[in-house]
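Participant: Below is the file my_file.txt, which contains compact mmCIF, C-alpha atoms.
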```
# COMPACT_ATOMS: atom_id res chain seq x y z
CA MET A 261 -33.75 -12.03 6.28
CA PHE A 262 -30.36 -10.39 6.72
CA LYS A 263 -28.96 -11.98 3.58
CA LEU A 264 -26.47 -9.20 2.86
CA PRO A 265 -24.59 -9.37 6.21
CA ARG A 266 -24.25 -13.14 5.85
CA LEU A 267 -22.86 -12.74 2.35
CA LEU A 268 -20.37 -10.17 3.61
CA VAL A 269 -19.02 -12.65 6.17
CA MET A 270 -18.96 -15.35 3.49
CA MET A 271 -16.79 -13.27 1.18
CA PHE A 272 -14.51 -12.20 4.05
CA LEU A 273 -13.80 -15.84 4.95
CA GLN A 274 -13.48 -16.90 1.30
CA TYR A 275 -10.55 -14.57 0.72
CA PHE A 276 -9.09 -14.93 4.22
CA VAL A 277 -8.63 -18.64 3.49
CA GLN A 278 -7.23 -17.99 0.02
CA GLY A 279 -4.84 -15.30 1.22
CA ALA A 280 -3.46 -17.54 3.96
CA TRP A 281 -2.01 -19.99 1.44
CA ASN A 282 -2.08 -18.35 -1.99
CA MET A 283 -0.62 -14.94 -1.13
CA VAL A 284 2.73 -16.25 0.11
CA ILE A 285 3.36 -19.45 -1.87
CA GLY A 286 6.29 -17.86 -3.71
CA ALA A 287 7.85 -16.48 -0.53
CA VAL A 288 7.45 -19.77 1.36
CA LEU A 289 8.94 -21.87 -1.44
CA ALA A 290 11.84 -19.44 -1.89
CA ALA A 291 12.53 -19.50 1.86
CA TYR A 292 12.78 -23.31 1.77
CA GLY A 293 15.02 -23.36 -1.31
CA LEU A 294 12.25 -24.30 -3.76
CA LYS A 295 12.02 -21.11 -5.88
CA GLU A 296 12.39 -23.13 -9.09
CA ILE A 297 8.96 -24.75 -8.65
CA VAL A 298 7.00 -21.51 -8.09
CA GLY A 299 5.95 -21.47 -11.74
CA SER A 300 5.15 -25.19 -11.66
CA THR A 301 2.99 -24.68 -8.58
CA TYR A 302 0.80 -22.10 -10.26
CA SER A 303 0.68 -24.22 -13.42
CA ILE A 304 -0.59 -27.23 -11.47
CA LEU A 305 -3.20 -25.03 -9.80
CA GLY A 306 -4.24 -23.92 -13.27
CA VAL A 307 -4.67 -27.52 -14.43
CA ALA A 308 -6.84 -28.28 -11.39
CA THR A 309 -8.96 -25.24 -12.07
CA ILE A 310 -9.55 -26.36 -15.64
CA ILE A 311 -11.04 -29.61 -14.38
CA SER A 312 -13.34 -28.78 -11.48
CA PRO A 313 -15.31 -25.47 -11.58
CA LEU A 314 -17.67 -26.27 -14.47
CA PHE A 315 -18.41 -29.74 -13.08
CA ILE A 316 -18.96 -28.38 -9.57
CA GLY A 317 -21.04 -25.57 -11.05
CA MET A 318 -23.26 -28.12 -12.80
CA ILE A 319 -23.73 -29.97 -9.47
CA ALA A 320 -24.78 -26.70 -7.82
CA ASP A 321 -27.07 -25.82 -10.73
CA ARG A 322 -28.81 -29.23 -10.78
CA PHE A 323 -28.39 -31.37 -7.67
CA PHE A 324 -27.35 -29.73 -4.38
CA SER A 325 -27.65 -26.29 -2.82
CA SER A 326 -24.59 -24.16 -3.55
CA GLN A 327 -23.89 -23.32 0.09
CA LYS A 328 -23.78 -27.04 1.01
CA VAL A 329 -21.41 -27.83 -1.84
CA MET A 330 -19.15 -25.00 -0.66
CA GLY A 331 -19.19 -26.27 2.93
CA VAL A 332 -18.14 -29.80 1.99
CA LEU A 333 -15.37 -28.57 -0.32
CA HIS A 334 -13.85 -26.29 2.33
CA LEU A 335 -13.87 -28.99 5.00
CA LEU A 336 -12.10 -31.41 2.66
CA ASN A 337 -9.64 -28.71 1.63
CA ALA A 338 -8.74 -28.07 5.29
CA ILE A 339 -7.40 -31.61 5.54
CA VAL A 340 -5.16 -31.18 2.49
CA LEU A 341 -3.85 -27.78 3.63
CA PHE A 342 -2.91 -29.31 6.99
CA LEU A 343 -0.76 -31.94 5.25
CA ILE A 344 1.15 -29.61 2.92
CA PRO A 345 3.85 -28.27 5.34
CA SER A 346 5.41 -31.72 5.75
CA PHE A 347 6.00 -31.98 1.99
CA ILE A 348 7.68 -28.56 1.84
CA GLN A 349 9.88 -29.21 4.86
CA SER A 350 11.04 -32.53 3.44
CA HIS A 351 11.63 -30.99 -0.02
CA ASN A 352 9.23 -33.53 -1.52
CA GLU A 353 8.49 -31.53 -4.65
CA ILE A 354 6.29 -34.16 -6.32
CA GLY A 355 4.24 -34.68 -3.17
CA PHE A 356 3.85 -30.93 -2.68
CA LEU A 357 2.70 -30.38 -6.26
CA ALA A 358 0.23 -33.27 -5.93
CA MET A 359 -1.24 -31.72 -2.78
CA MET A 360 -1.50 -28.31 -4.47
CA PHE A 361 -3.32 -29.97 -7.35
CA VAL A 362 -5.93 -31.26 -4.88
CA VAL A 363 -6.16 -27.81 -3.28
CA GLY A 364 -6.92 -26.37 -6.71
CA LEU A 365 -9.61 -28.99 -7.30
CA LEU A 366 -11.31 -28.27 -3.99
CA PHE A 367 -10.82 -24.56 -3.40
CA TYR A 368 -11.18 -22.72 -6.70
CA PRO A 369 -14.72 -23.90 -7.48
CA THR A 370 -15.79 -22.29 -4.21
CA THR A 371 -14.76 -18.85 -5.47
CA ALA A 372 -17.10 -19.19 -8.44
CA LEU A 373 -19.82 -20.59 -6.17
CA ALA A 374 -19.41 -17.69 -3.71
CA ASN A 375 -19.97 -15.31 -6.62
CA SER A 376 -22.97 -17.34 -7.78
CA VAL A 377 -24.53 -17.39 -4.29
CA SER A 378 -24.07 -13.62 -4.06
CA PHE A 379 -25.69 -12.93 -7.42
CA ARG A 380 -28.65 -15.18 -6.56
CA HIS A 381 -29.57 -13.14 -3.49
CA ILE A 382 -28.65 -9.56 -4.40
CA ASP A 383 -28.72 -7.20 -7.35
CA GLY A 384 -25.23 -7.71 -8.74
CA VAL A 385 -24.51 -4.27 -10.15
CA ARG A 386 -25.64 -2.50 -6.99
CA TRP A 387 -24.46 -4.81 -4.20
CA PHE A 388 -21.80 -7.22 -5.48
CA PRO A 389 -18.98 -4.65 -5.31
CA ILE A 390 -19.85 -4.11 -1.64
CA VAL A 391 -19.91 -7.86 -0.95
CA ARG A 392 -16.61 -8.29 -2.79
CA VAL A 393 -15.03 -5.52 -0.69
CA PHE A 394 -15.30 -7.78 2.33
CA GLY A 395 -13.29 -10.39 0.45
CA THR A 396 -10.57 -7.79 0.04
CA ILE A 397 -10.80 -6.96 3.74
CA GLY A 398 -10.38 -10.66 4.51
CA PHE A 399 -7.30 -10.72 2.28
CA MET A 400 -5.89 -7.70 4.11
CA VAL A 401 -6.57 -9.11 7.57
CA VAL A 402 -4.83 -12.40 6.86
CA GLY A 403 -1.90 -10.57 5.25
CA PHE A 404 -1.38 -8.35 8.28
CA THR A 405 -1.84 -11.37 10.54
CA MET A 406 0.86 -13.39 8.79
CA GLY A 407 3.24 -10.44 8.57
CA SER A 408 2.75 -9.26 12.14
CA THR A 409 5.63 -9.45 14.61
CA PHE A 410 3.43 -11.71 16.75
CA LEU A 411 3.15 -14.47 14.14
CA ASP A 412 5.61 -13.57 11.34
CA ILE A 413 4.66 -16.59 9.21
CA SER A 414 4.60 -14.97 5.76
CA LYS A 415 7.63 -17.08 4.75
CA SER A 416 6.78 -20.12 6.87
CA THR A 417 4.81 -23.30 6.28
CA ASN A 418 2.70 -22.27 9.28
CA SER A 419 0.75 -20.13 6.82
CA PHE A 420 -0.79 -23.37 5.51
CA LEU A 421 -1.81 -24.37 9.02
CA LEU A 422 -3.52 -21.00 9.44
CA ALA A 423 -5.32 -21.61 6.14
CA ALA A 424 -6.41 -25.09 7.29
CA GLY A 425 -7.91 -23.77 10.52
CA ALA A 426 -9.71 -20.95 8.74
CA SER A 427 -11.01 -23.40 6.14
CA VAL A 428 -12.63 -25.53 8.86
CA LEU A 429 -14.36 -22.46 10.31
CA TYR A 430 -15.51 -21.30 6.88
CA GLY A 431 -16.70 -24.74 5.84
CA LEU A 432 -18.98 -24.93 8.87
CA TYR A 433 -20.19 -21.36 8.29
CA CYS A 434 -21.20 -22.19 4.70
CA PHE A 435 -24.04 -24.36 6.01
CA THR A 436 -25.59 -21.23 7.60
CA LEU A 437 -25.65 -19.22 4.37
CA PRO A 438 -28.93 -18.27 2.62
CA SER A 439 -30.45 -21.30 0.94
CA THR A 440 -29.38 -21.40 -2.70
CA PRO A 441 -31.10 -24.47 -4.19
CA PRO A 442 -30.33 -25.66 -7.72
CA LEU A 443 -32.50 -23.87 -10.27
CA ALA A 444 -32.43 -26.77 -12.73
CA LYS A 445 -33.30 -29.47 -10.19
CA ASN A 446 -35.67 -32.24 -11.38
CA LYS A 447 -35.11 -31.30 -15.01
CA LYS A 448 -34.11 -34.16 -17.28
CA ILE A 449 -30.35 -34.32 -17.51
CA SER A 450 -28.66 -34.66 -20.87
CA LEU A 451 -25.17 -35.32 -22.16
CA ARG A 452 -25.09 -31.66 -23.16
CA GLU A 453 -25.55 -30.63 -19.54
CA ILE A 454 -23.07 -33.20 -18.21
CA LEU A 455 -20.45 -31.68 -20.52
CA CYS A 456 -21.57 -28.17 -19.44
CA LEU A 457 -22.19 -27.18 -23.07
CA ASP A 458 -24.88 -24.68 -22.05
CA ALA A 459 -22.25 -22.54 -20.35
CA LEU A 460 -19.84 -23.08 -23.23
CA SER A 461 -22.52 -21.83 -25.63
CA LEU A 462 -21.87 -18.35 -24.23
CA PHE A 463 -18.83 -18.29 -26.49
CA LYS A 464 -21.21 -17.92 -29.43
CA ASP A 465 -21.50 -14.33 -28.31
CA LYS A 466 -18.71 -12.41 -30.07
CA TYR A 467 -18.13 -9.87 -27.34
CA PHE A 468 -18.27 -12.43 -24.54
CA SER A 469 -15.55 -14.36 -26.38
CA ILE A 470 -13.44 -11.22 -26.78
CA PHE A 471 -13.71 -10.50 -23.05
CA MET A 472 -12.78 -14.07 -22.12
CA PHE A 473 -9.82 -14.12 -24.51
CA SER A 474 -8.62 -10.79 -23.12
CA THR A 475 -8.89 -12.20 -19.60
CA PHE A 476 -6.96 -15.32 -20.64
CA ILE A 477 -4.04 -13.32 -22.06
CA LEU A 478 -3.96 -10.74 -19.27
CA MET A 479 -3.41 -13.58 -16.80
CA ILE A 480 0.27 -13.39 -17.78
CA ALA A 481 0.49 -9.96 -16.14
CA LYS A 482 -1.67 -11.02 -13.21
CA THR A 483 0.27 -14.23 -12.58
CA ALA A 484 3.63 -12.48 -12.85
CA TYR A 485 2.40 -10.20 -10.08
CA SER A 486 0.79 -12.78 -7.79
CA ALA A 487 3.43 -15.50 -8.20
CA PHE A 488 6.63 -13.50 -8.33
CA LEU A 489 5.99 -10.29 -6.39
CA PRO A 490 6.40 -12.30 -3.13
CA VAL A 491 9.77 -13.46 -4.51
CA TYR A 492 10.74 -9.97 -5.75
CA LEU A 493 9.96 -7.94 -2.61
CA PRO A 494 12.34 -9.85 -0.27
CA VAL A 495 15.14 -9.08 -2.74
CA LEU A 496 14.45 -5.42 -1.92
CA SER A 497 14.34 -6.29 1.81
CA LEU A 498 10.56 -5.81 1.96
CA ASP A 499 8.09 -8.16 3.67
CA PRO A 500 5.63 -9.41 1.01
CA ALA A 501 2.64 -10.15 3.27
CA SER A 502 2.71 -6.69 4.85
CA MET A 503 3.57 -4.70 1.72
CA MET A 504 0.88 -6.37 -0.38
CA GLN A 505 -1.77 -5.07 2.01
CA ILE A 506 -1.16 -1.62 0.57
CA ALA A 507 -2.52 -3.08 -2.65
CA THR A 508 -5.56 -4.76 -1.14
CA ALA A 509 -6.46 -1.58 0.77
CA THR A 510 -7.00 0.21 -2.53
CA GLU A 511 -9.36 -2.57 -3.64
CA VAL A 512 -11.72 -1.49 -0.88
CA ILE A 513 -11.69 2.12 -2.03
CA PHE A 514 -12.32 1.45 -5.70
CA MET A 515 -14.80 -1.36 -5.05
CA VAL A 516 -17.11 1.12 -3.31
CA PHE A 517 -17.28 3.18 -6.50
CA LEU A 518 -17.41 0.28 -8.97
CA SER A 519 -21.21 0.10 -9.14
CA PHE A 520 -21.48 3.82 -9.85
CA LEU A 521 -18.72 3.72 -12.46
CA LEU A 522 -20.25 0.75 -14.28
CA GLY A 523 -23.56 2.58 -14.45
CA ARG A 524 -21.85 5.77 -15.60
CA PHE A 525 -19.27 4.44 -18.07
CA GLY A 526 -20.32 0.85 -18.88
CA PHE A 527 -18.27 -2.33 -18.93
CA LYS A 528 -15.97 -1.47 -21.82
CA LYS A 529 -14.48 1.71 -20.38
CA VAL A 530 -14.19 0.38 -16.85
CA ILE A 531 -12.48 -2.85 -17.94
CA LEU A 532 -10.24 -0.85 -20.26
CA PHE A 533 -9.15 1.35 -17.35
CA GLY A 534 -8.23 -1.85 -15.54
CA SER A 535 -6.06 -3.25 -18.33
CA ILE A 536 -4.23 0.07 -18.74
CA SER A 537 -3.44 -0.02 -15.03
CA TRP A 538 -1.72 -3.39 -15.47
CA ILE A 539 0.65 -1.76 -17.99
CA ILE A 540 1.56 1.05 -15.62
CA ARG A 541 1.96 -1.30 -12.64
CA SER A 542 4.36 -3.63 -14.45
CA LEU A 543 6.48 -0.71 -15.68
CA MET A 544 6.70 0.71 -12.16
CA LEU A 545 7.83 -2.65 -10.78
CA SER A 546 10.42 -2.81 -13.53
CA HIS A 547 11.82 0.63 -12.80
CA ALA A 548 11.88 -0.03 -9.04
CA ALA A 549 14.54 -2.70 -9.53
CA VAL A 550 17.13 -0.14 -10.70
CA SER A 551 15.97 3.00 -8.90
CA ASP A 552 17.34 4.48 -5.68
CA ASP A 553 13.74 5.47 -4.92
CA TYR A 554 12.55 1.88 -5.35
CA LEU A 555 10.17 2.05 -2.38
CA LEU A 556 8.25 4.92 -4.01
CA TYR A 557 7.74 2.93 -7.21
CA ILE A 558 6.82 -0.26 -5.34
CA ILE A 559 4.17 1.59 -3.32
CA GLY A 560 2.87 3.23 -6.50
CA ALA A 561 2.55 -0.15 -8.20
CA LEU A 562 0.75 -1.60 -5.18
CA LEU A 563 -1.66 1.34 -5.01
CA LEU A 564 -2.86 0.49 -8.52
CA GLN A 565 -4.41 -2.75 -7.25
CA GLY A 566 -7.87 -1.24 -6.99
CA LEU A 567 -7.82 -0.31 -10.66
CA CYS A 568 -6.07 -3.50 -11.78
CA TRP A 569 -8.31 -5.92 -9.91
CA ASP A 570 -11.67 -4.22 -9.37
CA PHE A 571 -11.95 -2.62 -12.80
CA PHE A 572 -10.91 -5.70 -14.74
CA PHE A 573 -11.66 -8.87 -12.79
CA THR A 574 -14.53 -7.86 -10.48
CA ALA A 575 -16.23 -5.93 -13.27
CA GLY A 576 -15.70 -9.07 -15.36
CA ASP A 577 -17.53 -11.20 -12.77
CA ILE A 578 -20.52 -8.87 -13.03
CA TYR A 579 -20.35 -8.87 -16.84
CA VAL A 580 -20.43 -12.69 -16.95
CA ASP A 581 -23.42 -12.77 -14.59
CA LYS A 582 -25.28 -10.34 -16.84
CA LYS A 583 -24.62 -12.44 -19.93
CA ALA A 584 -25.70 -15.81 -18.44
CA LYS A 585 -29.24 -17.16 -18.19
CA PRO A 586 -30.50 -17.82 -14.63
CA GLU A 587 -30.28 -21.61 -14.90
CA ILE A 588 -26.56 -21.61 -15.85
CA LYS A 589 -25.22 -18.74 -13.74
CA ALA A 590 -23.16 -21.02 -11.47
CA GLN A 591 -21.71 -22.77 -14.51
CA ALA A 592 -21.01 -19.40 -16.15
CA GLN A 593 -19.04 -18.20 -13.13
CA GLY A 594 -17.18 -21.51 -13.18
CA LEU A 595 -16.48 -21.02 -16.88
CA ARG A 596 -14.99 -17.58 -16.30
CA PHE A 597 -12.87 -19.00 -13.51
CA ILE A 598 -11.66 -21.86 -15.70
CA VAL A 599 -10.60 -19.45 -18.44
CA SER A 600 -8.77 -17.15 -16.00
CA ASN A 601 -7.54 -19.31 -13.13
CA GLY A 602 -7.53 -22.56 -15.11
CA PHE A 603 -6.24 -22.32 -18.66
CA GLY A 604 -5.07 -18.77 -18.01
CA VAL A 605 -2.99 -19.53 -14.93
CA PHE A 606 -1.61 -22.74 -16.44
CA MET A 607 -0.46 -20.87 -19.53
CA ALA A 608 0.67 -17.78 -17.63
CA ALA A 609 2.53 -19.65 -14.89
CA SER A 610 4.35 -21.72 -17.49
CA VAL A 611 5.33 -18.58 -19.41
CA CYS A 612 6.24 -16.52 -16.32
CA GLY A 613 8.09 -19.40 -14.68
CA PHE A 614 10.09 -20.01 -17.87
CA ILE A 615 11.01 -16.33 -18.16
CA ASN A 616 11.85 -15.85 -14.49
CA ASN A 617 14.01 -18.96 -14.21
CA ARG A 618 16.06 -17.81 -17.20
CA VAL A 619 16.10 -14.04 -16.71
CA VAL A 620 16.44 -13.83 -12.92
CA THR A 621 19.46 -15.98 -12.09
CA GLU A 622 20.85 -13.89 -9.22
CA LYS A 623 19.28 -13.87 -5.76
CA ALA A 624 20.42 -10.51 -4.40
CA LEU A 625 21.02 -6.91 -5.40
CA PRO A 626 22.85 -5.33 -7.11
CA GLN A 627 23.44 -8.32 -9.40
CA ALA A 628 19.73 -9.10 -9.71
CA SER A 629 18.55 -5.52 -10.33
CA THR A 630 18.74 -5.42 -14.13
CA GLN A 631 17.38 -8.97 -14.30
CA TRP A 632 14.22 -8.05 -12.39
CA GLN A 633 13.96 -4.89 -14.46
CA GLU A 634 13.83 -7.02 -17.61
CA PHE A 635 11.41 -9.55 -16.10
CA TRP A 636 8.68 -6.98 -15.40
CA ILE A 637 8.83 -5.60 -18.95
CA TYR A 638 7.26 -8.80 -20.32
CA PRO A 639 3.92 -8.50 -18.44
CA ALA A 640 3.80 -4.80 -19.34
CA VAL A 641 3.99 -5.65 -23.05
CA VAL A 642 1.31 -8.33 -22.69
CA ALA A 643 -1.04 -5.91 -20.91
CA ALA A 644 -0.48 -3.34 -23.66
CA VAL A 645 -1.45 -5.85 -26.36
CA VAL A 646 -4.61 -6.82 -24.42
CA THR A 647 -5.56 -3.17 -23.94
CA ILE A 648 -5.26 -2.33 -27.62
CA GLY A 649 -7.19 -5.42 -28.73
CA PHE A 650 -9.96 -4.91 -26.17
CA TRP A 651 -10.33 -1.24 -27.11
CA ILE A 652 -10.67 -2.05 -30.81
CA PHE A 653 -12.88 -5.15 -30.77
CA PHE A 654 -15.04 -5.20 -27.60
CA ASN A 655 -18.56 -3.74 -27.36
CA ASP A 656 -20.89 -3.69 -24.33
CA LYS A 657 -24.00 -2.14 -25.88
CA ASP A 658 -26.01 -5.36 -25.48
CA VAL A 659 -25.64 -5.46 -21.67
CA ILE A 660 -28.59 -3.80 -19.96
CA MET A 661 -28.34 -2.56 -16.38
CA LYS A 662 -31.54 -3.64 -14.65
CA PRO A 663 -33.26 -1.66 -11.90
CA LYS A 664 -32.04 -2.16 -8.33
CA GLU A 665 -33.56 -4.90 -6.22
CA LYS A 666 -34.13 -4.95 -2.47
CA VAL A 667 -31.90 -7.10 -0.29
```
Can the structure in the file be given as structure tokens, please?

Facilitator:
Amino acid sequence: MFKLPRLLVMMFLQYFVQGAWNMVIGAVLAAYGLKEIVGSTYSILGVATIISPLFIGMIADRFFSSQKVMGVLHLLNAIVLFLIPSFIQSHNEIGFLAMMFVVGLLFYPTTALANSVSFRHIDGVRWFPIVRVFGTIGFMVVGFTMGSTFLDISKSTNSFLLAAGASVLYGLYCFTLPSTPPLAKNKKISLREILCLDALSLFKDKYFSIFMFSTFILMIAKTAYSAFLPVYLPVLSLDPASMMQIATATEVIFMVFLSFLLGRFGFKKVILFGSISWIIRSLMLSHAAVSDDYLLYIIGALLLQGLCWDFFFTAGDIYVDKKAKPEIKAQAQGLRFIVSNGFGVFMAASVCGFINNRVVTEKALPQASTQWQEFWIYPAVVAAVVTIGFWIFFNDKDVIMKPKEKV
């Protein structure tokens, strides 16, 4: 009973917790004189994400209920988040990166599990966009909270303390979620399953592989945005936590229509719209650096978030769920997350960090204007290459939209 409302709260808390620490990492590190390790931070998170989601997904598929696994992970993560401010304040870079590695191990599998829990209890095409909207709302709420005049912690280590408190609340809430027992429980375990080869076998599908490769490469554009926009906006005298809520607001709008658009246009066209939007967004951010009307271009780039995120990444979550068999759906979501937020972020953060540290050497305008203009051209080019390749090679004709199910 009442599964959908409980899932809505779950997704709200999932992204509230993530936003509290992930949204402002770049701004916090820059404020404490640690801008040079922004790229390294996202790289280390990528390494952690490579390691844990498939393994955690296998545990949820075979041994323990997904909601219980999520609860334990969030409670453990709260402890680590609470410890992080001391490492930043003492400029202990190695200690900070080690703690962020643990955060990646504990937190990112829960995103895949939250998706898996949702898909187990609702019809994904019809209801998942609505559930995911509440994640966006959670992201917005924490952004406004951190950027408010009351707290004003968007560039402070107190953001990690907020994340720790929210993680405790969410971890306890997870134990109240709809029961999501492992579908493969009591089945004989094999080395194949320990190595999660069933999920990896999805790569035998040509079009699944094309989608995953496109996602992997597009992470350069996505990581440039998520890691360095919080560094870029203060250069323009704009508060990152508050400004980025313009972007997340559009996620809500487009998420409402995602189910209809997938049914009307299919996965290929919707995802293609998303990748094109990443090109336009990066070009607008580039032009903003040298324009007198920079605020107009920044707002325009932020307003594209609904297209950039919902049409590419959320539609991708639904596509992966449709391609996976019931007994490996949790692993499949973990696999997608490893490709994007694991290998993808590790590669993208390394690339973006390398470029930013060499291209953007000035901290303030006007000296930094042409440097930031050049920096944003790189993700625009990457998104253009992904768009062309996806348009030519991808096909979604084998994905069947099933009839709606009751919640």

Participant: List as a PyMOL selection string the protein and nucleic acid residues near Thr483 (chain A), meaning an atom at most 8 Å away when only C-alpha atoms are counted, but skip any in the same chain fewer than 6 places from it.

Facilitator: chain A and resi 605+608-609+612

Participant: Determine the nearest neighbour of Leu341 (chain A) from the options A:Leu289, A:Val298, A:Val495, A:Ala424, counting all atoms listed in the file.

Facilitator: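 Answer, going by the shortest atom-to-atom distance: A:Ala424.
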
Participant: One decimal, Å: what's the distance from CA of Leu522 (chain A) over to CA of Ala507 (chain A), could you say?

Facilitator: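 According to the coordinates, CA of Leu522 (chain A) and CA of Ala507 (chain A) are separated by 21.5 Å.
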
Participant: Let me make sure I understand: among A:Ile506, A:Val642, A:Ile310, A:Ala487, which one has the smallest atom-to-atom distance to Ala287 (chain A) if we use only C-alpha atoms?

Facilitator: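 Nearest to Ala287 (chain A): A:Ala487.
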
Participant: Which polymer residues have any atom within 9 Å of an atom of region 617-621 of chain A, counting only C-alpha atoms, with same-chain residues fewer than 6 positions away left out, as a VMD selection string?

Facilitator: chain A and resid 295 to 296 299 628 to 632 634 to 635

Participant: Check the smallest atom-to-atom distance from each of A:Pro369, A:Pro441, A:Pro626, A:Pro639 to Leu595 (chain A) using all atoms listed in the file, then report the winner.

Facilitator: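 Of the candidates, the smallest distance to Leu595 (chain A) is held by A:Pro369.
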
Participant: What is the distance between CA of Ser419 (chain A) and CA of Pro494 (chain A), in Å to one decimal?

Facilitator: 17.0 Å

Participant: Name the closest residue to Val428 (chain A) among the candidates A:Gly279, A:Gly403, A:Gly523, A:Gly331; distances are taken between atoms, counting only C-alpha atoms.

Facilitator: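 The closest residue to Val428 (chain A) is A:Gly331.
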
Participant: Restricting the calculation to only C-alpha atoms: of A:Ala423, A:Val401, A:Leu564, A:Leu493, which residue gets closest to Ala338 (chain A)?

Facilitator: A:Ala423

Participant: Please determine, counting only C-alpha atoms, which residue among A:Phe603, A:Val512, A:Phe379, A:Phe356 has the shortest atom-to-atom distance to Ile344 (chain A).

Facilitator: A:Phe356

Participant: Could you pull region 490-524 of chain A out of the block above and save it with C-alpha atoms, as a compact mmCIF listing (two decimals), in the first residue's frame?

Facilitator:
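Saved to part-v1.txt:
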```
# COMPACT_ATOMS: atom_id res chain seq x y z
CA PRO A 490 30.79 25.94 -8.94
CA VAL A 491 34.32 27.29 -9.51
CA TYR A 492 33.31 29.34 -12.57
CA LEU A 493 30.23 31.11 -11.16
CA PRO A 494 32.04 32.83 -8.23
CA VAL A 495 34.45 34.32 -10.78
CA LEU A 496 31.37 36.07 -12.22
CA SER A 497 30.31 37.04 -8.67
CA LEU A 498 27.43 34.54 -8.69
CA ASP A 499 26.54 32.15 -5.85
CA PRO A 500 26.77 28.58 -7.20
CA ALA A 501 24.31 26.89 -4.83
CA SER A 502 21.56 29.41 -5.54
CA MET A 503 22.18 29.82 -9.28
CA MET A 504 22.29 26.08 -9.93
CA GLN A 505 18.74 25.77 -8.63
CA ILE A 506 17.59 27.46 -11.83
CA ALA A 507 18.92 24.36 -13.56
CA THR A 508 17.32 21.83 -11.25
CA ALA A 509 13.95 23.61 -11.50
CA THR A 510 13.83 22.81 -15.21
CA GLU A 511 14.45 19.14 -14.42
CA VAL A 512 11.07 19.07 -12.70
CA ILE A 513 9.32 20.53 -15.73
CA PHE A 514 10.83 18.22 -18.32
CA MET A 515 10.65 15.15 -16.07
CA VAL A 516 6.86 15.44 -16.01
CA PHE A 517 6.78 15.11 -19.79
CA LEU A 518 9.51 12.47 -20.13
CA SER A 519 7.17 9.48 -20.02
CA PHE A 520 4.97 10.95 -22.75
CA LEU A 521 7.94 11.89 -24.91
CA LEU A 522 9.52 8.44 -24.62
CA GLY A 523 6.24 6.87 -25.70
CA ARG A 524 5.88 9.37 -28.55
```
